[in-house]
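As stored in query.txt (compact mmCIF, C-alpha atoms):
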```
# COMPACT_ATOMS: atom_id res chain seq x y z
CA MET U 1 -123.95 -61.47 56.29
CA ALA U 2 -123.47 -63.19 59.64
CA PHE U 3 -126.97 -64.62 59.51
CA LEU U 4 -126.34 -66.08 56.04
CA ALA U 5 -123.18 -67.80 57.28
CA ILE U 6 -125.03 -69.27 60.27
CA ALA U 7 -127.92 -70.34 58.05
CA ASN U 8 -125.54 -72.10 55.62
CA VAL U 9 -123.85 -74.04 58.44
CA ALA U 10 -127.22 -74.90 59.95
CA HIS U 11 -128.49 -76.08 56.57
CA ALA U 12 -125.46 -78.34 56.04
CA GLN U 13 -125.74 -79.83 59.51
CA ALA U 14 -129.48 -80.36 59.24
CA ARG U 15 -129.14 -82.00 55.81
CA GLU U 16 -126.81 -84.54 57.41
CA GLY U 17 -129.35 -85.19 60.20
CA VAL U 18 -127.37 -83.24 62.84
CA PRO U 19 -129.51 -81.09 65.17
CA THR U 20 -128.74 -77.38 64.79
CA LEU U 21 -127.89 -75.33 67.90
CA SER U 22 -127.82 -71.54 67.77
CA GLY U 23 -128.54 -68.65 70.12
CA TYR U 24 -127.96 -65.07 71.21
CA MET U 25 -127.51 -62.93 74.33
CA GLU U 26 -127.96 -59.29 75.38
CA LEU U 27 -126.37 -57.66 78.42
CA HIS U 28 -127.43 -54.05 79.13
CA LEU U 29 -126.36 -51.21 81.42
CA ASN U 30 -129.06 -48.52 81.48
CA LYS U 31 -128.93 -45.09 83.11
CA VAL U 32 -132.20 -43.16 83.22
CA GLN U 33 -132.16 -39.52 84.31
CA ASP U 34 -132.57 -39.13 88.11
CA LEU U 35 -132.60 -42.91 88.64
CA PRO U 36 -129.80 -45.32 89.64
CA SER U 37 -128.05 -47.13 86.79
CA GLU U 38 -129.11 -50.74 86.26
CA ALA U 39 -127.27 -53.77 84.87
CA ASP U 40 -129.39 -56.52 83.35
CA LEU U 41 -128.81 -59.77 81.51
CA HIS U 42 -131.76 -58.85 79.38
CA ARG U 43 -132.00 -61.97 77.26
CA PHE U 44 -130.39 -65.36 76.83
CA VAL U 45 -131.84 -67.39 73.98
CA LEU U 46 -131.17 -70.88 72.68
CA MET U 47 -132.40 -72.04 69.29
CA VAL U 48 -132.64 -75.68 68.24
CA GLY U 49 -133.48 -76.95 64.79
CA HIS U 50 -133.72 -80.30 63.04
CA ARG U 51 -134.30 -81.54 59.51
CA PHE U 52 -136.38 -84.70 59.44
CA SER U 53 -136.04 -84.92 55.67
CA ASP U 54 -135.57 -82.64 52.67
CA ARG U 55 -139.26 -81.71 52.99
CA ILE U 56 -139.79 -81.43 56.77
CA LYS U 57 -137.87 -79.03 59.03
CA PHE U 58 -138.23 -77.92 62.65
CA TRP U 59 -137.09 -74.69 64.34
CA SER U 60 -137.45 -73.47 67.93
CA GLU U 61 -136.38 -70.60 70.17
CA VAL U 62 -136.50 -70.54 73.99
CA GLU U 63 -135.77 -67.30 75.84
CA VAL U 64 -134.88 -66.44 79.43
CA GLU U 65 -135.30 -62.74 80.29
CA HIS U 66 -133.61 -60.91 83.19
CA ALA U 67 -131.40 -63.88 84.15
CA PHE U 68 -133.98 -65.84 86.21
CA VAL U 69 -137.65 -66.13 87.08
CA GLU U 70 -138.82 -65.51 90.63
CA VAL U 71 -142.20 -64.57 92.03
CA GLU U 72 -141.97 -61.84 94.66
CA GLY U 73 -145.21 -60.65 96.19
CA GLY U 74 -147.15 -62.14 93.30
CA GLU U 75 -145.02 -60.32 90.69
CA GLU U 76 -142.65 -62.14 88.35
CA THR U 77 -139.17 -60.63 88.01
CA GLY U 78 -138.18 -62.55 84.87
CA GLU U 79 -139.61 -64.66 82.09
CA VAL U 80 -139.06 -67.98 80.37
CA ALA U 81 -140.85 -68.16 77.05
CA ILE U 82 -141.03 -70.17 73.86
CA GLU U 83 -140.70 -67.59 71.11
CA GLN U 84 -140.75 -69.97 68.15
CA ALA U 85 -141.48 -73.66 67.71
CA TYR U 86 -142.75 -74.62 64.28
CA ILE U 87 -142.64 -77.24 61.57
CA ASP U 88 -142.06 -76.35 57.92
CA LEU U 89 -143.46 -78.61 55.22
CA MET U 90 -141.60 -77.78 52.01
CA VAL U 91 -143.91 -78.22 49.04
CA HIS U 92 -142.68 -75.85 46.34
CA ARG U 93 -140.50 -72.77 46.08
CA ARG U 94 -143.64 -70.65 45.77
CA PHE U 95 -145.75 -72.41 48.41
CA ASN U 96 -144.74 -74.08 51.68
CA VAL U 97 -146.63 -74.71 54.94
CA ARG U 98 -145.64 -73.60 58.45
CA ALA U 99 -147.44 -74.58 61.68
CA GLY U 100 -146.68 -74.05 65.37
CA MET U 101 -145.54 -71.05 67.41
CA VAL U 102 -144.73 -68.39 64.82
CA LEU U 103 -143.51 -64.79 64.90
CA VAL U 104 -146.00 -62.25 63.57
CA PRO U 105 -144.44 -60.97 60.30
CA VAL U 106 -145.00 -57.24 60.96
CA GLY U 107 -142.23 -54.64 60.78
CA ILE U 108 -138.46 -54.99 60.65
CA LEU U 109 -137.49 -56.27 64.10
CA ASN U 110 -140.19 -58.70 65.16
CA GLU U 111 -138.90 -61.54 63.01
CA ARG U 112 -135.20 -60.63 63.00
CA HIS U 113 -134.30 -59.19 66.42
CA GLU U 114 -130.86 -60.60 67.24
CA PRO U 115 -128.56 -57.89 68.74
CA PRO U 116 -125.99 -57.61 65.89
CA THR U 117 -128.77 -56.97 63.35
CA PHE U 118 -129.91 -53.56 64.61
CA ASN U 119 -128.38 -50.33 65.91
CA GLY U 120 -128.93 -49.17 69.48
CA VAL U 121 -128.85 -51.07 72.75
CA GLU U 122 -132.62 -51.39 73.06
CA ARG U 123 -135.02 -52.27 70.26
CA THR U 124 -136.69 -49.27 68.65
CA MET U 125 -139.65 -47.68 70.43
CA VAL U 126 -141.82 -48.16 67.34
CA ASP U 127 -141.02 -51.89 67.40
CA THR U 128 -141.75 -52.04 71.13
CA VAL U 129 -144.72 -49.75 71.79
CA ILE U 130 -146.60 -49.59 68.47
CA VAL U 131 -145.72 -53.04 67.04
CA PRO U 132 -144.92 -54.98 70.22
CA THR U 133 -141.93 -57.32 70.22
CA THR U 134 -141.54 -60.16 70.44
CA TRP U 135 -145.06 -60.73 69.09
CA ARG U 136 -145.77 -64.41 68.57
CA ASP U 137 -148.63 -66.89 68.74
CA VAL U 138 -149.67 -70.33 67.60
CA GLY U 139 -150.57 -70.26 63.94
CA VAL U 140 -150.67 -71.99 60.60
CA GLY U 141 -149.99 -70.56 57.19
CA ALA U 142 -147.87 -70.43 54.08
CA PHE U 143 -144.64 -68.88 52.85
CA GLY U 144 -142.64 -68.88 49.67
CA GLU U 145 -140.64 -67.09 46.99
CA LEU U 146 -142.59 -65.42 44.18
CA GLY U 147 -139.64 -64.60 41.97
CA ARG U 148 -138.11 -61.26 40.86
CA GLY U 149 -137.07 -60.59 44.46
CA PHE U 150 -140.54 -60.99 46.03
CA SER U 151 -141.41 -63.32 48.91
CA TYR U 152 -144.36 -63.67 51.27
CA ARG U 153 -145.48 -65.06 54.63
CA ALA U 154 -149.13 -65.36 55.70
CA PHE U 155 -150.68 -66.98 58.81
CA ALA U 156 -153.93 -67.45 60.67
CA VAL U 157 -153.44 -66.78 64.41
CA PRO U 158 -155.60 -66.15 67.51
CA GLY U 159 -156.82 -62.61 68.11
CA LEU U 160 -155.97 -60.21 70.94
CA ASP U 161 -157.33 -59.69 74.43
CA ALA U 162 -158.54 -56.07 74.54
CA THR U 163 -158.69 -56.07 78.36
CA GLY U 164 -154.88 -55.85 78.27
CA PHE U 165 -154.75 -52.70 76.09
CA SER U 166 -153.47 -49.48 77.70
CA ALA U 167 -152.86 -45.81 76.98
CA GLU U 168 -149.10 -46.15 77.46
CA GLU U 169 -148.29 -49.45 75.75
CA GLY U 170 -151.12 -49.77 73.26
CA ILE U 171 -151.98 -53.34 72.27
CA ALA U 172 -148.87 -54.98 73.77
CA GLY U 173 -150.70 -56.28 76.84
CA GLY U 174 -153.32 -57.93 74.65
CA ARG U 175 -151.01 -60.53 73.10
CA GLN U 176 -151.98 -64.09 74.00
CA GLN U 177 -148.53 -65.52 73.22
CA GLY U 178 -149.72 -69.04 72.47
CA GLY U 179 -150.59 -70.08 76.02
CA ARG U 180 -154.10 -71.56 75.98
CA ALA U 181 -154.95 -68.86 73.47
CA ASP U 182 -158.63 -68.17 72.90
CA THR U 183 -159.40 -68.60 69.20
CA SER U 184 -162.98 -67.26 69.16
CA ASP U 185 -161.75 -64.02 67.52
CA PRO U 186 -159.11 -65.20 65.04
CA ALA U 187 -156.80 -62.97 63.04
CA VAL U 188 -154.85 -63.07 59.80
CA THR U 189 -151.38 -61.63 59.34
CA GLY U 190 -148.97 -61.45 56.45
CA ARG U 191 -146.02 -59.76 54.85
CA LEU U 192 -144.96 -59.13 51.28
CA GLU U 193 -141.22 -58.49 50.97
CA TYR U 194 -138.95 -57.34 48.14
CA ARG U 195 -135.17 -57.82 48.08
CA ARG U 196 -132.87 -56.53 45.37
CA ALA U 197 -129.37 -54.98 45.18
CA GLY U 198 -129.02 -53.80 48.78
CA LEU U 199 -132.70 -52.90 49.19
CA THR U 200 -135.17 -54.75 51.42
CA ALA U 201 -138.71 -53.34 51.51
CA GLY U 202 -141.81 -54.80 53.10
CA ALA U 203 -145.52 -54.28 53.61
CA SER U 204 -147.14 -56.01 56.61
CA LEU U 205 -150.67 -56.45 57.94
CA TRP U 206 -152.35 -57.91 61.03
CA ARG U 207 -156.14 -57.84 61.30
CA GLY U 208 -158.42 -59.62 63.72
CA GLY U 209 -160.74 -59.52 66.68
CA ALA U 210 -159.87 -58.54 70.23
CA GLY U 211 -162.92 -59.75 72.12
CA PHE U 212 -161.31 -62.43 74.28
CA GLY U 213 -161.98 -61.38 77.88
CA LEU U 214 -164.90 -59.13 76.89
CA ILE U 215 -167.63 -61.73 76.62
CA ARG U 216 -169.33 -60.66 79.86
CA LEU U 217 -169.01 -56.92 79.21
CA ASP U 218 -171.83 -56.85 76.63
CA ILE U 219 -170.16 -54.68 73.99
CA GLU U 220 -169.53 -55.11 70.29
CA THR U 221 -166.30 -57.01 69.73
CA PRO U 222 -163.53 -54.53 68.86
CA ALA U 223 -161.38 -55.18 65.80
CA VAL U 224 -157.71 -54.30 65.46
CA THR U 225 -155.81 -53.56 62.27
CA VAL U 226 -152.03 -53.15 62.27
CA SER U 227 -150.49 -51.86 59.04
CA SER U 228 -146.78 -51.33 58.49
CA LEU U 229 -144.38 -50.28 55.71
CA ASP U 230 -140.60 -50.54 56.05
CA ALA U 231 -137.44 -50.31 54.01
CA ARG U 232 -133.71 -50.86 54.44
CA TYR U 233 -131.05 -49.86 51.93
CA ARG U 234 -127.33 -50.55 52.18
CA ARG U 235 -124.66 -49.26 49.81
CA GLY U 236 -120.98 -49.46 50.65
CA ARG U 237 -120.38 -47.98 54.09
CA HIS U 238 -123.83 -46.49 54.46
CA GLU U 239 -127.24 -47.80 55.46
CA LEU U 240 -130.67 -46.21 55.67
CA ARG U 241 -133.73 -47.75 57.26
CA GLY U 242 -137.20 -46.59 58.15
CA GLN U 243 -140.60 -47.83 59.23
CA TRP U 244 -144.14 -46.50 59.41
CA SER U 245 -146.71 -48.39 61.50
CA VAL U 246 -150.29 -47.61 62.45
CA VAL U 247 -152.75 -49.45 64.71
CA ASN U 248 -156.50 -48.85 64.35
CA ILE U 249 -158.90 -50.05 67.07
CA SER U 250 -162.60 -50.03 66.23
CA GLY U 251 -165.11 -49.44 69.02
CA ALA U 252 -162.51 -47.84 71.30
CA ALA U 253 -165.12 -45.62 73.02
CA ASP U 254 -167.33 -48.57 73.97
CA LEU U 255 -164.24 -50.50 75.05
CA ASN U 256 -163.10 -47.67 77.36
CA ARG U 257 -166.55 -47.37 78.94
CA ALA U 258 -166.90 -51.10 79.46
CA LEU U 259 -163.46 -51.44 81.04
CA GLN U 260 -164.13 -48.47 83.30
CA ILE U 261 -167.29 -50.13 84.58
CA HIS U 262 -165.39 -53.38 85.02
CA THR U 263 -162.26 -51.98 86.73
CA GLY U 264 -163.33 -48.57 88.02
CA LEU U 265 -160.73 -46.74 85.88
CA SER U 266 -160.82 -45.64 82.26
CA PRO U 267 -157.80 -47.01 80.34
CA ASN U 268 -158.08 -44.14 77.80
CA ILE U 269 -157.36 -46.44 74.88
CA ALA U 270 -156.94 -44.60 71.59
CA SER U 271 -158.68 -45.46 68.37
CA ARG U 272 -155.42 -44.94 66.46
CA LEU U 273 -151.77 -45.44 67.43
CA LEU U 274 -149.03 -44.15 65.14
CA GLY U 275 -145.32 -44.87 64.97
CA ALA U 276 -142.55 -44.06 62.51
CA TYR U 277 -138.78 -43.78 62.46
CA GLY U 278 -135.93 -42.95 60.12
CA GLU U 279 -132.33 -44.01 60.73
CA ALA U 280 -129.00 -43.36 59.03
CA ALA U 281 -125.81 -45.29 59.81
CA THR U 282 -122.30 -45.36 58.41
CA ARG U 283 -119.16 -47.41 58.99
CA VAL U 284 -116.31 -45.13 60.04
CA THR U 285 -113.40 -47.60 60.20
CA PRO U 286 -111.01 -47.98 57.24
CA ASP U 287 -111.57 -50.80 54.76
CA SER U 288 -108.24 -52.33 55.83
CA TRP U 289 -109.56 -52.97 59.35
CA SER U 290 -111.14 -56.32 60.16
CA ASP U 291 -113.05 -54.71 63.07
CA GLU U 292 -115.89 -52.31 62.34
CA ILE U 293 -117.31 -49.24 64.08
CA VAL U 294 -120.73 -48.03 62.96
CA VAL U 295 -122.22 -44.69 64.07
CA PHE U 296 -125.92 -43.96 63.68
CA GLY U 297 -128.69 -41.47 64.33
CA ARG U 298 -132.43 -42.13 64.50
CA TYR U 299 -135.58 -40.11 64.95
CA GLU U 300 -138.70 -41.88 66.27
CA LYS U 301 -142.32 -40.93 66.76
CA PHE U 302 -144.37 -43.33 68.90
CA ASP U 303 -147.77 -41.92 69.73
CA THR U 304 -150.17 -44.27 71.51
CA GLN U 305 -152.75 -41.46 71.80
CA ASN U 306 -152.69 -40.32 68.18
CA LYS U 307 -156.45 -40.28 67.64
CA MET U 308 -158.96 -40.60 70.45
CA PRO U 309 -162.58 -41.83 70.26
CA ALA U 310 -165.35 -39.26 70.71
CA GLY U 311 -165.57 -38.00 74.30
CA TYR U 312 -161.96 -38.80 75.22
CA LEU U 313 -158.88 -36.55 75.34
CA PRO U 314 -155.31 -37.75 74.74
CA LEU U 315 -152.88 -38.19 77.61
CA GLN U 316 -150.12 -35.97 76.26
CA GLU U 317 -147.28 -37.72 78.07
CA PHE U 318 -147.90 -40.69 75.75
CA GLN U 319 -147.65 -38.59 72.58
CA ARG U 320 -143.92 -39.19 72.35
CA SER U 321 -140.89 -38.81 70.10
CA ALA U 322 -137.17 -39.40 70.56
CA TRP U 323 -133.75 -38.70 69.08
CA VAL U 324 -131.32 -41.60 69.43
CA ALA U 325 -127.60 -41.41 68.58
CA GLY U 326 -124.86 -43.92 69.21
CA ALA U 327 -122.20 -46.28 67.96
CA THR U 328 -121.63 -50.01 67.63
CA TYR U 329 -118.25 -51.77 67.67
CA TYR U 330 -118.03 -55.13 65.89
CA PRO U 331 -114.84 -57.07 66.78
CA ASP U 332 -116.55 -59.88 64.87
CA PRO U 333 -119.64 -59.66 62.62
CA ASP U 334 -121.58 -61.70 65.19
CA VAL U 335 -120.52 -59.70 68.29
CA ALA U 336 -121.68 -56.13 68.97
CA PHE U 337 -120.63 -53.68 71.69
CA LYS U 338 -123.16 -50.85 71.75
CA PHE U 339 -123.60 -47.33 73.13
CA ASP U 340 -126.41 -44.82 72.64
CA PHE U 341 -127.97 -41.68 74.08
CA VAL U 342 -131.76 -41.21 74.00
CA HIS U 343 -133.41 -37.80 74.23
CA GLU U 344 -137.14 -38.43 74.56
CA ARG U 345 -139.83 -35.76 74.35
CA ASN U 346 -143.61 -35.63 74.74
CA LYS U 347 -146.41 -33.07 74.40
CA SER U 348 -147.11 -32.79 78.13
CA GLY U 349 -146.28 -29.57 79.92
CA VAL U 350 -146.25 -31.36 83.28
CA VAL U 351 -144.74 -34.84 82.83
CA ARG U 352 -141.25 -34.55 81.35
CA ALA U 353 -139.61 -37.46 79.56
CA PRO U 354 -136.16 -38.38 80.95
CA TRP U 355 -132.96 -38.76 78.96
CA ARG U 356 -131.26 -42.17 78.92
CA ILE U 357 -127.76 -43.52 78.35
CA ASN U 358 -127.43 -47.18 77.39
CA LEU U 359 -124.46 -49.54 77.10
CA GLY U 360 -124.75 -53.10 75.89
CA VAL U 361 -123.10 -56.15 74.41
CA GLY U 362 -124.82 -58.78 72.31
CA TRP U 363 -123.79 -61.78 70.29
CA TRP U 364 -125.20 -64.68 68.36
CA PHE U 365 -123.78 -67.92 67.06
```

What would the structure in this file look like if it were written as structure tokens?
Amino acid sequence: MAFLAIANVAHAQAREGVPTLSGYMELHLNKVQDLPSEADLHRFVLMVGHRFSDRIKFWSEVEVEHAFVEVEGGEETGEVAIEQAYIDLMVHRRFNVRAGMVLVPVGILNERHEPPTFNGVERTMVDTVIVPTTWRDVGVGAFGELGRGFSYRAFAVPGLDATGFSAEEGIAGGRQQGGRADTSDPAVTGRLEYRRAGLTAGASLWRGGAGFGLIRLDIETPAVTVSSLDARYRRGRHELRGQWSVVNISGAADLNRALQIHTGLSPNIASRLLGAYGEAATRVTPDSWSDEIVVFGRYEKFDTQNKMPAGYLPLQEFQRSAWVAGATYYPDPDVAFKFDFVHERNKSGVVRAPWRINLGVGWWF
């Protein structure tokens, strides 16, 4: 509801030729078992939009992570990034054109990741490890409303860099993020979404090459397919949401061998990564209160070693799952104070996953 209010104000301002300014922030306090607690201004984001005419619109999003950027010993401690910067050409309700830096329309959180829109201090593991957030790249494509509650988004974008894949974080390190992106192995991505009476359901796909960086390794270009199904349902005080996502990497055995020759270490990249979660939440405050308190519980499976290529064994510490429970206090629909406890598990008998306690505050305007 908060997003709709913001969108309506932004639309009115833009129609009058006034630039639209929006943004959000996340401040976290994280305590990991056996480690010191850590406070972090995780994100500060400003969004600027403008309507050139009734047919041409612009939207952008610039993010600063971890308060500042400083290079220490060759390692960056923060990040400044353009997450979105695109032009919309409005043609028809069923078909419009978008070009620029776009968010990949896969899963629930990658496109809509402002803090008040999801439960828990941190984004879900499935939407971090299996479908990496925030996943963006330069692209061009189409979007529109199909009627009867259906809408779509579809883009052509650059492919991935398989030299950045890993056993722990899957394909996340292979994102090119729109910076001098190599387009020799392009990809297509899209989402079909259905909205009706408290239900939002979606099916998403990303498919493309991942050969950038492998030209000199003399192997067949690997292909990556990311498939995802998700649903959210809200009725009265209660909300359910869930997501299932799978990543398939062709030629993973050849990729592992080539990277081992190149770097001296085998990355143990899987041929299939699997993630899924189910979450239930309910508002516990009386209807007469203007403030809201929401409690939730979530189970996640995020296995980046789900299926290995022939000749490779899974690293069991990366076959993971987690129970997450917590609460969110909303003094305003656009401001969220959050708490959660994370009990993570894996299949390793040697490497134990730590528990975590997280506190956070986030807002958007």

Query raised in the report: Near His113 of chain U, within 12 Å and counting all atoms listed in the file, which residues show up once chain neighbours fewer than 2 positions away are dropped, as a VMD selection string?
Result: chain U and resid 3 23 to 26 43 45 83 103 105 107 to 111 115 to 124 127 to 128 133 to 135 362 to 364

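The coordinates place atom CA of Trp323 of chain U at 29.2 Å from atom CA of Ala197 of chain U.
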
**Report entry** Who sits within 12 Å of segment 284-289 of chain U, only C-alpha atoms, same chain under 3 positions skipped, as a PyMOL selection string
**Finding:** chain U and resi 236-238+281+292-296+327-332

Those same residues, written as a PDB file, in the coordinates of the input with C-alpha atoms?
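Result file follows (again.pdb):
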```
ATOM      1  CA  GLY U 236    -120.980 -49.460  50.650  1.00  0.00           C
ATOM      2  CA  ARG U 237    -120.380 -47.980  54.090  1.00  0.00           C
ATOM      3  CA  HIS U 238    -123.830 -46.490  54.460  1.00  0.00           C
ATOM      4  CA  ALA U 281    -125.810 -45.290  59.810  1.00  0.00           C
ATOM      5  CA  GLU U 292    -115.890 -52.310  62.340  1.00  0.00           C
ATOM      6  CA  ILE U 293    -117.310 -49.240  64.080  1.00  0.00           C
ATOM      7  CA  VAL U 294    -120.730 -48.030  62.960  1.00  0.00           C
ATOM      8  CA  VAL U 295    -122.220 -44.690  64.070  1.00  0.00           C
ATOM      9  CA  PHE U 296    -125.920 -43.960  63.680  1.00  0.00           C
ATOM     10  CA  ALA U 327    -122.200 -46.280  67.960  1.00  0.00           C
ATOM     11  CA  THR U 328    -121.630 -50.010  67.630  1.00  0.00           C
ATOM     12  CA  TYR U 329    -118.250 -51.770  67.670  1.00  0.00           C
ATOM     13  CA  TYR U 330    -118.030 -55.130  65.890  1.00  0.00           C
ATOM     14  CA  PRO U 331    -114.840 -57.070  66.780  1.00  0.00           C
ATOM     15  CA  ASP U 332    -116.550 -59.880  64.870  1.00  0.00           C
TER      16      ASP U 332
END
```

Query - Contacts of Tyr277 of chain U within 8 Å, only C-alpha atoms, excl. fewer than 3 positions in-chain, as JSON, numbers by chain - result: {"U": [126, 242, 243, 244, 298, 299, 300, 301]}

Residue subset to file, keeping C-alpha atoms, as an mmCIF file, keeping the file's coordinate frame:
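File again24.cif, as written:
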```
data_model
loop_
_atom_site.group_PDB
_atom_site.id
_atom_site.type_symbol
_atom_site.label_atom_id
_atom_site.label_comp_id
_atom_site.auth_asym_id
_atom_site.auth_seq_id
_atom_site.Cartn_x
_atom_site.Cartn_y
_atom_site.Cartn_z
ATOM 1 C CA VAL U 126 -141.820 -48.160 67.340
ATOM 2 C CA GLY U 242 -137.200 -46.590 58.150
ATOM 3 C CA GLN U 243 -140.600 -47.830 59.230
ATOM 4 C CA TRP U 244 -144.140 -46.500 59.410
ATOM 5 C CA ARG U 298 -132.430 -42.130 64.500
ATOM 6 C CA TYR U 299 -135.580 -40.110 64.950
ATOM 7 C CA GLU U 300 -138.700 -41.880 66.270
ATOM 8 C CA LYS U 301 -142.320 -40.930 66.760
#
```

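The interatomic distance for the pair atom CA of Glu193 of chain U and atom CA of Asp340 of chain U works out to 29.6 Å.
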
Report task. Write out as an NGL selection string which residues come within 12 Å of Pro354 of chain U when counting all atoms listed in the file, dropping same-chain ones fewer than 6 positions away. Result -> :U and (31-35 or 317 or 320-322 or 341-346)

Report task. Can you work out which one of U:Ala81, U:Ala201, U:Val97, U:Leu21 has the shortest atom-to-atom distance to Leu240 of chain U, counting all atoms listed in the file? Result -> U:Ala201

Query - Selected residue, from U:Ala203, U:Met308, U:Leu255, U:Ala142, that lies nearest to Arg93 of chain U when counting only C-alpha atoms - result: U:Ala142

Give the centre and edge lengths of an axis-aligned box, in Å to one decimal, that holds all listed atoms of segment 321-330 of chain U with 8 Å on each side, as JSON.
```
{"center_x": -129.5, "center_y": -46.9, "center_z": 68.2, "size_x": 38.9, "size_y": 32.4, "size_z": 20.7}
```

**Report entry** Residue nearest Ala85 of chain U - candidates U:His28, U:Arg153, U:His50, U:Arg112, atoms counted: only C-alpha atoms
**Finding:** U:His50

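The closest residue to Ser245 of chain U, picked from U:Leu273, U:Ala231, U:Ile87, U:Val62 and counting only C-alpha atoms, is U:Leu273.
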
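Rounded to one decimal, atom CA of Phe143 of chain U and atom CA of Gly209 of chain U lie 23.2 Å from each other.
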
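The shortest atom-to-atom distance to Glu38 of chain U, with only C-alpha atoms taken into account, belongs to U:His66 out of U:Gly147, U:Leu192, U:His66, U:Ile261.
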
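Using only C-alpha atoms, the residues found no farther than 8 Å from Phe68 of chain U, other than those of its own chain fewer than 2 positions away, are Val64, Glu65, His66, Glu70, Thr77, Gly78 and Glu79 of chain U.
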
Report summary line: Nearest to Phe165 of chain U, restricted to all atoms listed in the file and choosing among U:Pro333, U:Gly141, U:Gly211, U:Gly202, comes out as U:Gly211

Report task. Using only C-alpha atoms, find all polymer residues with an atom at most 12 Å away from the point (-154.7, -40.4, 71.5); report them as a ChimeraX atom specification. Result -> /U:166-170,247-249,252-253,267-274,302-320,347
